file final17.cif (mmCIF, C-alpha atoms)
data_target
loop_
_atom_site.label_atom_id
_atom_site.label_comp_id
_atom_site.auth_asym_id
_atom_site.auth_seq_id
_atom_site.Cartn_x
_atom_site.Cartn_y
_atom_site.Cartn_z
CA LYS S 529 -14.28 -8.16 0.56
CA SER S 530 -14.36 -11.87 -0.25
CA PHE S 531 -12.63 -11.09 -3.55
CA SER S 532 -9.74 -9.39 -1.74
CA LEU S 533 -9.54 -12.16 0.86
CA ARG S 534 -9.22 -14.80 -1.85
CA LYS S 535 -6.37 -12.87 -3.40
CA MET S 536 -4.63 -12.52 -0.05
CA GLU S 537 -4.90 -16.29 0.48
CA GLU S 538 -3.21 -16.85 -2.88
CA ILE S 539 -0.41 -14.53 -1.83
CA SER S 540 0.41 -16.51 1.32
CA SER S 541 1.16 -19.65 -0.71
CA SER S 542 4.25 -18.12 -2.33
CA SER S 543 6.13 -16.70 0.66
CA LYS S 544 9.39 -18.39 -0.32
CA GLN S 545 9.48 -16.58 -3.64
CA ARG S 546 8.76 -13.22 -2.03
CA GLU S 547 11.60 -13.53 0.47
CA SER S 548 14.06 -13.63 -2.43
CA GLN S 549 12.86 -10.21 -3.55
CA LEU S 550 14.33 -8.29 -0.61
CA GLU S 551 16.54 -5.32 -1.34
CA GLU S 552 19.80 -6.05 -3.14
CA GLY S 553 22.67 -6.72 -0.77
CA GLU S 554 20.47 -6.94 2.32
CA SER S 555 19.70 -10.26 3.98
CA LYS S 556 16.46 -11.02 5.80
CA ASN S 557 18.19 -10.84 9.20
CA GLU S 558 19.76 -7.47 8.35
CA ARG S 559 16.35 -6.19 7.28
CA GLN S 560 14.72 -7.31 10.54
CA LEU S 561 17.57 -5.81 12.57
CA ARG S 562 17.29 -2.43 10.85
CA SER S 563 13.53 -2.42 11.41
CA THR S 564 13.96 -3.24 15.12
CA VAL S 565 16.62 -0.57 15.66
CA ALA S 566 14.41 2.04 14.01
CA SER S 567 11.35 0.95 15.98
CA ILE S 568 9.53 3.74 17.84
CA SER S 569 6.51 3.34 20.12
CA TYR S 570 3.25 4.84 18.91
CA SER S 571 -0.43 5.05 19.76
CA ARG S 572 -3.55 4.77 17.59
CA LYS S 573 -6.43 7.22 17.76
CA ALA S 574 -9.88 6.86 16.17
CA THR S 575 -11.58 9.95 14.81
CA ALA S 576 -14.03 11.06 12.12
CA VAL S 577 -13.34 13.48 9.29
CA LYS S 578 -16.30 15.40 7.91
CA VAL S 579 -16.43 15.83 4.15
CA SER S 580 -19.96 17.25 3.87
CA ASP S 581 -23.24 17.20 5.77
CA SER S 582 -23.93 13.72 4.41
CA VAL S 583 -20.43 12.20 4.41
CA SER S 584 -18.22 11.48 7.41
CA LEU S 585 -15.11 9.30 7.16
CA GLU S 586 -13.97 6.66 9.65
CA THR S 587 -10.32 7.53 10.33
CA ARG S 588 -7.40 6.15 12.34
CA VAL S 589 -4.36 8.24 13.25
CA PHE S 590 -1.13 6.46 14.19
CA ARG S 591 0.74 8.91 16.42
CA THR S 592 4.38 8.60 17.41
CA ASP S 593 5.28 9.53 21.00
CA ASP S 594 6.77 12.74 19.63
CA PHE S 595 3.82 13.52 17.35
CA GLU S 596 4.42 17.25 17.14
CA GLY S 597 8.19 16.83 16.98
CA SER S 598 7.87 14.60 13.92
CA ASN S 599 6.69 16.95 11.20
CA ILE S 600 5.94 14.31 8.55
CA THR S 601 2.51 12.72 8.18
CA ILE S 602 1.84 9.98 5.64
CA VAL S 603 -1.76 9.54 4.46
CA LEU S 604 -2.50 6.06 3.09
CA VAL S 605 -5.35 5.67 0.59
CA HIS S 606 -6.91 2.24 0.18
CA GLN S 607 -7.88 0.31 -2.93
CA TRP S 608 -11.10 0.44 -4.99
CA SER S 609 -14.13 0.41 -2.68
CA ILE S 610 -16.21 -1.50 -5.24
CA LEU S 611 -13.85 -4.52 -4.99
CA GLY S 612 -13.68 -4.50 -1.19
CA GLY S 613 -10.90 -2.00 -0.60
CA SER S 614 -10.75 -0.60 2.94
CA MET S 615 -8.35 1.00 5.39
CA MET S 616 -7.75 -2.43 6.95
CA MET S 617 -5.64 -3.28 3.90
CA MET S 618 -3.36 -0.31 4.66
CA THR S 619 -3.05 -0.55 8.45
CA GLY S 620 -0.08 -2.93 8.28
CA MET S 621 2.02 -0.36 6.45
CA ALA S 622 0.68 2.44 8.65
CA GLY S 623 1.86 0.61 11.80
CA GLU S 624 5.32 -0.13 10.40
CA LEU S 625 5.76 3.45 9.23
CA ALA S 626 4.75 4.69 12.69
CA GLN S 627 7.42 2.42 14.20
CA ARG S 628 9.94 4.23 12.04
CA GLY S 629 8.91 7.63 13.36
CA TYR S 630 6.31 8.73 10.82
CA ASN S 631 2.83 9.87 11.79
CA THR S 632 0.37 8.00 9.59
CA VAL S 633 -3.32 8.21 8.78
CA VAL S 634 -5.64 5.60 7.30
CA PHE S 635 -9.32 6.07 6.53
CA ASN S 636 -12.29 4.44 4.87
CA MET S 637 -13.55 6.26 1.83
CA ARG S 638 -17.28 6.97 1.57
CA GLY S 639 -19.55 3.94 1.81
CA VAL S 640 -16.86 1.69 3.30
CA GLY S 641 -16.88 0.40 6.89
CA GLY S 642 -18.02 3.11 9.29
CA SER S 643 -17.89 5.88 6.68
CA SER S 644 -21.21 7.30 5.49
CA GLY S 645 -22.11 8.08 1.90
CA THR S 646 -22.12 6.02 -1.29
CA PRO S 647 -19.05 4.91 -3.26
CA THR S 648 -18.74 5.85 -6.93
CA ILE S 649 -17.50 3.59 -9.71
CA CYS S 650 -14.93 6.00 -11.12
CA GLY S 651 -13.90 7.47 -7.76
CA CYS S 652 -14.90 11.00 -8.71
CA ASP S 653 -16.47 11.81 -5.33
CA GLU S 654 -13.75 9.97 -3.43
CA THR S 655 -11.23 12.65 -4.40
CA ALA S 656 -13.10 14.93 -1.98
CA ASP S 657 -12.57 12.29 0.73
CA VAL S 658 -8.80 12.27 0.23
CA GLU S 659 -8.65 16.06 0.16
CA ALA S 660 -10.75 16.34 3.33
CA VAL S 661 -8.38 14.03 5.26
CA VAL S 662 -5.32 15.95 4.02
CA ARG S 663 -6.85 19.29 5.01
CA TYR S 664 -7.77 17.81 8.40
CA ILE S 665 -4.06 17.15 9.01
CA VAL S 666 -3.14 20.62 7.73
CA GLU S 667 -5.59 22.29 10.12
CA LYS S 668 -4.85 20.17 13.18
CA HIS S 669 -1.08 20.07 12.81
CA LYS S 670 0.41 23.17 11.28
CA GLY S 671 3.72 22.79 9.52
CA HIS S 672 3.44 19.05 8.88
CA LYS S 673 4.74 17.84 5.54
CA ILE S 674 2.28 15.40 3.99
CA TYR S 675 2.97 12.44 1.73
CA LEU S 676 0.25 10.48 -0.07
CA VAL S 677 0.65 6.71 -0.39
CA ALA S 678 -2.09 5.08 -2.45
CA SER S 679 -2.65 1.58 -3.77
CA SER S 680 -4.33 0.21 -6.92
CA ALA S 681 -7.43 2.23 -7.88
CA GLY S 682 -6.81 4.44 -4.87
CA ALA S 683 -3.63 5.64 -6.59
CA PRO S 684 -5.31 7.64 -9.40
CA ILE S 685 -7.94 8.91 -6.96
CA ALA S 686 -5.27 10.24 -4.59
CA GLY S 687 -3.23 11.55 -7.53
CA THR S 688 -6.00 13.99 -8.38
CA VAL S 689 -5.47 15.70 -5.02
CA LEU S 690 -1.68 15.94 -5.40
CA ASN S 691 -1.68 19.49 -6.76
CA ARG S 692 -4.66 20.78 -4.76
CA VAL S 693 -2.94 21.13 -1.39
CA ASP S 694 0.40 22.93 -1.08
CA GLU S 695 1.39 20.98 2.04
CA ILE S 696 1.56 17.72 0.07
CA GLU S 697 5.28 17.15 -0.47
CA GLY S 698 5.18 13.95 -2.46
CA TYR S 699 3.20 11.01 -3.75
CA ILE S 700 3.72 7.24 -3.94
CA GLY S 701 1.52 5.11 -6.20
CA ILE S 702 1.56 1.36 -5.58
CA GLY S 703 0.21 -0.61 -8.53
CA TYR S 704 -1.08 2.53 -10.28
CA ILE S 705 -3.55 1.33 -12.92
CA PHE S 706 -2.50 2.90 -16.20
CA GLY S 707 -3.87 0.03 -18.30
CA PHE S 708 -5.90 0.43 -21.50
CA ALA S 709 -9.18 -0.81 -19.99
CA ALA S 710 -8.62 0.95 -16.65
CA ALA S 711 -8.20 4.27 -18.47
CA PHE S 712 -11.91 4.28 -19.30
CA LEU S 713 -12.77 4.16 -15.60
CA PHE S 714 -9.97 6.17 -14.01
CA GLY S 715 -8.47 8.12 -16.91
CA GLY S 716 -10.01 11.34 -15.65
CA HIS S 717 -7.65 11.17 -12.66
CA TYR S 718 -4.45 10.70 -14.67
CA PRO S 719 -3.60 14.39 -15.27
CA GLY S 720 -3.07 14.82 -11.52
CA VAL S 721 0.12 12.72 -11.59
CA LEU S 722 1.10 13.33 -15.21
CA CYS S 723 1.25 17.10 -14.83
CA SER S 724 2.86 17.76 -11.45
CA ASN S 725 6.12 19.28 -10.28
CA LYS S 726 6.00 17.41 -6.97
CA ARG S 727 8.10 14.34 -6.20
CA ARG S 728 6.50 11.03 -7.17
CA LEU S 729 7.38 7.36 -6.88
CA PHE S 730 5.59 4.63 -8.81
CA ILE S 731 5.90 1.01 -7.67
CA ASN S 732 4.63 -1.70 -10.00
CA GLY S 733 4.93 -5.42 -10.57
CA SER S 734 6.22 -6.80 -13.85
CA CYS S 735 3.25 -9.21 -14.02
CA ASP S 736 0.53 -6.68 -13.20
CA MET S 737 -2.70 -7.88 -14.81
CA PHE S 738 -4.09 -4.35 -15.21
CA THR S 739 -1.04 -2.50 -16.51
CA SER S 740 1.63 -4.19 -18.62
CA VAL S 741 5.22 -3.01 -18.38
CA CYS S 742 4.99 -1.42 -21.82
CA GLU S 743 1.83 0.49 -20.91
CA TYR S 744 3.38 1.56 -17.64
CA LEU S 745 6.60 2.83 -19.22
CA CYS S 746 4.71 4.67 -21.98
CA CYS S 747 2.75 6.61 -19.36
CA TRP S 748 5.77 7.11 -17.11
CA CYS S 749 7.71 8.70 -19.98
CA MET S 750 4.84 11.15 -20.59
CA MET S 751 5.13 12.62 -17.09
CA CYS S 752 6.82 15.90 -16.29
CA GLY S 753 8.65 16.89 -13.12
CA PRO S 754 10.66 14.78 -10.63
CA ARG S 755 9.65 11.12 -10.56
CA LYS S 756 11.08 7.70 -9.75
CA THR S 757 10.02 4.18 -10.56
CA HIS S 758 10.56 0.75 -9.02
CA THR S 759 9.50 -2.49 -10.70
CA ILE S 760 9.23 -5.73 -8.71
CA PRO S 761 10.05 -8.70 -10.96
CA GLY S 762 7.58 -11.56 -11.28
CA VAL S 763 4.93 -9.95 -9.09
CA GLY S 764 1.25 -9.43 -9.93
CA HIS S 765 -1.12 -6.63 -9.01
CA PHE S 766 -2.89 -8.26 -6.08
CA GLU S 767 0.31 -9.70 -4.63
CA MET S 768 1.59 -6.20 -3.88
CA GLU S 769 -1.57 -5.46 -1.90
CA GLY S 770 -1.03 -8.36 0.50
CA PRO S 771 0.49 -8.10 3.99
CA SER S 772 3.55 -10.06 2.86
CA TYR S 773 4.72 -7.01 0.94
CA ASP S 774 4.06 -4.42 3.69
CA SER S 775 7.68 -4.33 4.86
CA TYR S 776 8.95 -4.19 1.29
CA MET S 777 6.75 -1.17 0.55
CA VAL S 778 7.61 0.52 3.84
CA ASP S 779 11.33 0.29 2.98
CA LEU S 780 10.70 2.03 -0.35
CA ILE S 781 8.46 4.67 1.24
CA ASP S 782 11.07 5.35 3.91
CA LYS S 783 13.78 5.81 1.28
CA PHE S 784 11.58 8.07 -0.85
CA VAL S 785 10.61 10.34 2.04
CA SER S 786 14.27 10.49 3.12
CA ASP S 787 15.22 11.29 -0.50
CA GLU S 788 17.54 8.30 -0.75
CA ASP S 789 18.36 6.46 -3.95
CA ILE S 790 15.76 3.88 -4.98
CA PRO S 791 16.70 0.97 -7.25
CA THR S 792 14.73 0.81 -10.47
CA GLY S 793 14.26 -2.93 -10.12
CA ALA S 794 14.09 -5.51 -12.88
CA TYR S 795 11.24 -6.31 -15.20
CA GLY S 796 11.67 -10.08 -14.95
CA CYS S 797 8.71 -11.99 -16.42
CA MET S 798 6.20 -9.61 -17.95
CA TRP S 799 3.25 -9.57 -20.27
CA CYS S 800 5.24 -8.31 -23.22
CA LEU S 801 7.00 -11.60 -23.97
CA PRO S 802 8.43 -12.00 -27.49
CA THR S 803 5.20 -13.65 -28.69
CA SER S 804 3.01 -10.77 -27.56
CA CYS S 805 5.38 -7.80 -27.49
CA CYS S 806 3.88 -6.07 -30.52
CA SER S 807 0.29 -6.23 -29.27
CA THR S 808 1.32 -5.09 -25.80
CA CYS S 809 3.26 -2.14 -27.19
CA LEU S 810 0.25 -1.19 -29.29
CA LEU S 811 -1.89 -1.22 -26.15
CA GLY S 812 0.68 1.03 -24.53
CA VAL S 813 0.52 3.47 -27.43
CA PHE S 814 -3.31 3.49 -27.42
CA THR S 815 -3.30 4.03 -23.65
CA ALA S 816 -0.91 6.95 -24.05
CA ILE S 817 -3.17 8.48 -26.70
CA ILE S 818 -6.25 8.16 -24.47
CA ILE S 819 -4.40 9.67 -21.52
CA GLY S 820 -3.14 12.53 -23.69
CA ILE S 821 -6.70 13.31 -24.79
CA LEU S 822 -8.00 13.17 -21.22
CA ALA S 823 -5.19 15.44 -20.04
CA SER S 824 -5.96 18.02 -22.72
CA LEU S 825 -9.67 17.96 -21.89
CA ASN S 826 -8.91 18.40 -18.20
#

call {"tool": "encode", "arguments": {"input": "final17.cif", "output": "structure tokens"}}
result
Amino acid sequence: KSFSLRKMEEISSSSKQRESQLEEGESKNERQLRSTVASISYSRKATAVKVSDSVSLETRVFRTDDFEGSNITIVLVHQWSILGGSMMMMTGMAGELAQRGYNTVVFNMRGVGGSSGTPTICGCDETADVEAVVRYIVEKHKGHKIYLVASSAGAPIAGTVLNRVDEIEGYIGIGYIFGFAAAFLFGGHYPGVLCSNKRRLFINGSCDMFTSVCEYLCCWCMMCGPRKTHTIPGVGHFEMEGPSYDSYMVDLIDKFVSDEDIPTGAYGCMWCLPTSCCSTCLLGVFTAIIIGILASLN
């Protein structure tokens, strides 16, 4: 957790730069006004979702006043448990989404916070956690359309569940780690998002330390089915996880769920500068090869 806290402290020092990255044509005041107008009161309920006899997940449900009337539920999946990821890092977005009329769910994966069990390095067992929470919503609230929103290492973990449950309408990966080194840990999850006919949105930063722009685009081009991408210029991996970007992400999520147009963004400063473009592109090619092999084995 201390690792994540240090990163969040670094984020707060560059607030001026982040304010300039609001949506094109929309001022800060206009953004705040739109958020206030769309604000809806909600309540928060604590519950536990059982995965197995030995694993129970600490869960929070953000319910709008018209919970049953709103037939969309967004499940937010937190970052890598090994590096201190927890549902607390997703509650900011969950609250803002609830204010906009969406029912939202956050939870701690196994071994985190009040959840029992032991976390795994590659997130293989955690896929069962995500699926259990989704099926909990399906059972408790018939007819709800479900969207998965996952961040960092939670993105490939959640992506594995994308095609397992019919009620999942779409998927949003924030800072999905497609990088060469990350593929050795999480590559087994990649086929879930590569081979899907469901709607997907991938949000990345042009200065992501785990996945360069070239690696990201190589993998994005390999995907089949409907998909969108949005690149935030000059932003690193851990910056996107901080609370300063909650509203930015919520805007994109809102547009995606509403099936509105989403700007592609600009690559800005990125790893593949002229001096290192060749090596970065080679990494992208090698990553694509590894992912292709993993997909065929799966």

call {"tool": "resolve_selection", "arguments": {"input": "final17.cif", "expression": "the PyMOL selection byres ((chain S and resi 641-648) around 10)", "output": "PyMOL selection string"}}
result
chain S and resi 576-587+608-610+612-616+635-640+649-654

call {"tool": "atom_distance", "arguments": {"input": "final17.cif", "atom1": "CA of Glu659 in chain S", "atom2": "CA of Arg692 in chain S"}}
result
7.9 Å

call {"tool": "residues_near_point", "arguments": {"input": "final17.cif", "point": "(3.7, 1.3, -6.1)", "cutoff": "7 Å", "atoms": "all atoms listed in the file", "output": "PDB file with C-alpha atoms, in the frame of the given file"}}
result
ATOM      1  CA  SER S 679      -2.650   1.580  -3.770  1.00  0.00           C
ATOM      2  CA  ILE S 700       3.720   7.240  -3.940  1.00  0.00           C
ATOM      3  CA  GLY S 701       1.520   5.110  -6.200  1.00  0.00           C
ATOM      4  CA  ILE S 702       1.560   1.360  -5.580  1.00  0.00           C
ATOM      5  CA  GLY S 703       0.210  -0.610  -8.530  1.00  0.00           C
ATOM      6  CA  TYR S 704      -1.080   2.530 -10.280  1.00  0.00           C
ATOM      7  CA  PHE S 730       5.590   4.630  -8.810  1.00  0.00           C
ATOM      8  CA  ILE S 731       5.900   1.010  -7.670  1.00  0.00           C
ATOM      9  CA  ASN S 732       4.630  -1.700 -10.000  1.00  0.00           C
TER      10      ASN S 732
END

call {"tool": "resolve_selection", "arguments": {"input": "final17.cif", "expression": "the PyMOL selection byres ((chain S and resi 749-765) around 7)", "output": "VMD selection string"}}
result
chain S and resid 703 722 to 737 745 to 748 766 to 768 791 to 797

call {"tool": "atom_distance", "arguments": {"input": "final17.cif", "atom1": "CA of Lys673 in chain S", "atom2": "CA of Ile600 in chain S"}}
result
4.8 Å

call {"tool": "atom_distance", "arguments": {"input": "final17.cif", "atom1": "CA of Arg588 in chain S", "atom2": "CA of Val721 in chain S"}}
result
25.9 Å

call {"tool": "closest_residue", "arguments": {"input": "final17.cif", "among": "S:Met621, S:Ser598, S:Gly770, S:Val677", "to": "Glu697 in chain S", "atoms": "all atoms listed in the file"}}
result
S:Val677

call {"tool": "closest_residue", "arguments": {"input": "final17.cif", "among": "S:Ser740, S:Ala709, S:Gly629, S:Ser772", "to": "Ser786 in chain S", "atoms": "all atoms listed in the file"}}
result
S:Gly629

call {"tool": "closest_residue", "arguments": {"input": "final17.cif", "among": "S:Ile790, S:Ala681, S:Tyr675, S:Val689", "to": "Phe738 in chain S", "atoms": "only C-alpha atoms"}}
result
S:Ala681

call {"tool": "axis_aligned_box", "arguments": {"input": "final17.cif", "around": "range 754-771 of chain S", "padding_each_side": "8 Å", "output": "JSON"}}
result
{"center_x": 4.1, "center_y": 1.6, "center_z": -3.6, "size_x": 30.0, "size_y": 42.3, "size_z": 31.3}

call {"tool": "residues_around", "arguments": {"input": "final17.cif", "residues": "Lys670 in chain S", "least_positions_apart": "3", "cutoff": "12 Å", "atoms": "all atoms listed in the file", "output": "PyMOL selection string"}}
result
chain S and resi 595-601+662-667+673-674+695

call {"tool": "write_last_selection", "arguments": {"input": "final17.cif", "atoms": "C-alpha atoms", "output": "PDB file, in the coordinates of the input"}}
result
ATOM      1  CA  PHE S 595       3.820  13.520  17.350  1.00  0.00           C
ATOM      2  CA  GLU S 596       4.420  17.250  17.140  1.00  0.00           C
ATOM      3  CA  GLY S 597       8.190  16.830  16.980  1.00  0.00           C
ATOM      4  CA  SER S 598       7.870  14.600  13.920  1.00  0.00           C
ATOM      5  CA  ASN S 599       6.690  16.950  11.200  1.00  0.00           C
ATOM      6  CA  ILE S 600       5.940  14.310   8.550  1.00  0.00           C
ATOM      7  CA  THR S 601       2.510  12.720   8.180  1.00  0.00           C
ATOM      8  CA  VAL S 662      -5.320  15.950   4.020  1.00  0.00           C
ATOM      9  CA  ARG S 663      -6.850  19.290   5.010  1.00  0.00           C
ATOM     10  CA  TYR S 664      -7.770  17.810   8.400  1.00  0.00           C
ATOM     11  CA  ILE S 665      -4.060  17.150   9.010  1.00  0.00           C
ATOM     12  CA  VAL S 666      -3.140  20.620   7.730  1.00  0.00           C
ATOM     13  CA  GLU S 667      -5.590  22.290  10.120  1.00  0.00           C
ATOM     14  CA  LYS S 673       4.740  17.840   5.540  1.00  0.00           C
ATOM     15  CA  ILE S 674       2.280  15.400   3.990  1.00  0.00           C
ATOM     16  CA  GLU S 695       1.390  20.980   2.040  1.00  0.00           C
TER      17      GLU S 695
END
